[in-house]
Amino acid sequence: MDKMTEYTKVMTGNKIVAELVEIEQANVLTGSHKQVAWASDLRHEYILNAVSEAVYEIEYGVIKPYLTWLIQTETTAKWWIDHRYDMHGMMRTTMTAYRVWCQANDPVTWDEMVNIYQQVKEAAQNVCK
């Protein structure tokens, strides 16, 4: 990716957040009213943090599909609440694996990316038990 000015990074990040908010709104969480309210805040905060981190660490072309997939896949409030402490680590692990493979000039397919995420998710769930 070409070097971006600070302004361009911020504007690109804002655009991605706006697009992800639309995806969030289209993928309503399920659960009790209290769970949904709490999990919606957790999910939105996670998205903001992930995009903010992406500005400096990874290409936007990776973070948007990852977050879109996560929002569309994990639709229960319970999941976001149960994983509120390990989501950041899961994202970093998944994104790091993606970057390492891309740097080795062997970029992964989206299906492989989903597989990485599933493996990281399972490992995180085992740690939390």
# chains A, B, ... in the order shown; residues from 1 in each chain; ligands from 1

$ residues_around --residues "Val51 in chain A" --least-positions-apart "2" --cutoff "9 Å" --atoms "only C-alpha atoms" --output "NGL selection string"
:A and (13-14 or 16-17 or 46-49 or 53-55 or 60 or 63-64 or 67)

$ atom_distance --atom1 "CA of Asp82 in chain A" --atom2 "CA of Thr68 in chain A"
19.5 Å

$ atom_distance --atom1 "CA of Val62 in chain A" --atom2 "CA of Glu45 in chain A"
18.6 Å

$ closest_residue --among "A:Arg84, A:Ser52, A:Thr75, A:Met91" --to "Val10 in chain A" --atoms "only C-alpha atoms"
A:Ser52

$ atom_distance --atom1 "CA of His88 in chain A" --atom2 "CA of Leu42 in chain A"
11.4 Å

$ residues_around --residues "Ala26 in chain A" --least-positions-apart "5" --cutoff "10 Å" --atoms "only C-alpha atoms" --output "list in words"
Leu20, Val21, Ile71 and Gln72 of chain A

$ write_last_selection --atoms "N, CA and C atoms" --output "compact mmCIF listing (two decimals), in the first residue's frame"
# COMPACT_ATOMS: atom_id res chain seq x y z
N LEU A 20 -19.10 -0.08 8.09
CA LEU A 20 -19.29 -1.16 9.06
C LEU A 20 -20.48 -0.90 9.98
N VAL A 21 -20.75 0.36 10.28
CA VAL A 21 -21.92 0.70 11.10
C VAL A 21 -23.20 0.29 10.36
N ILE A 71 -19.07 -9.58 12.00
CA ILE A 71 -20.38 -9.02 12.34
C ILE A 71 -21.50 -9.91 11.81
N GLN A 72 -21.33 -10.40 10.60
CA GLN A 72 -22.37 -11.22 9.98
C GLN A 72 -22.42 -12.63 10.56

$ residues_around --residues "Ile81 in chain A" --least-positions-apart "2" --cutoff "12 Å" --atoms "only C-alpha atoms" --output "number ranges by chain"
A: 29-31, 34-43, 46, 74-79, 83-87

$ write_last_selection --atoms "C-alpha atoms" --output "CSV table (one decimal), in the first residue's frame"
chain,number,residue,atom,x,y,z
A,29,LEU,CA,-28.0,-9.1,17.7
A,30,THR,CA,-30.2,-11.6,19.4
A,31,GLY,CA,-30.7,-12.1,23.1
A,34,LYS,CA,-30.2,-6.0,28.3
A,35,GLN,CA,-27.8,-8.4,26.6
A,36,VAL,CA,-28.4,-6.8,23.2
A,37,ALA,CA,-27.9,-3.3,24.6
A,38,TRP,CA,-24.6,-4.3,26.2
A,39,ALA,CA,-23.3,-6.4,23.3
A,40,SER,CA,-24.2,-3.7,20.8
A,41,ASP,CA,-21.9,-1.3,22.7
A,42,LEU,CA,-19.2,-4.0,22.9
A,43,ARG,CA,-19.4,-4.8,19.2
A,46,TYR,CA,-14.5,-3.3,19.1
A,74,GLU,CA,-21.5,-13.7,15.3
A,75,THR,CA,-25.0,-12.5,15.7
A,76,THR,CA,-25.8,-13.5,19.3
A,77,ALA,CA,-25.4,-10.9,22.1
A,78,LYS,CA,-24.1,-13.7,24.3
A,79,TRP,CA,-21.1,-14.3,22.0
A,83,HIS,CA,-15.7,-12.8,24.3
A,84,ARG,CA,-15.4,-9.2,25.3
A,85,TYR,CA,-11.9,-9.8,26.8
A,86,ASP,CA,-10.4,-11.9,24.1
A,87,MET,CA,-11.7,-10.3,20.9
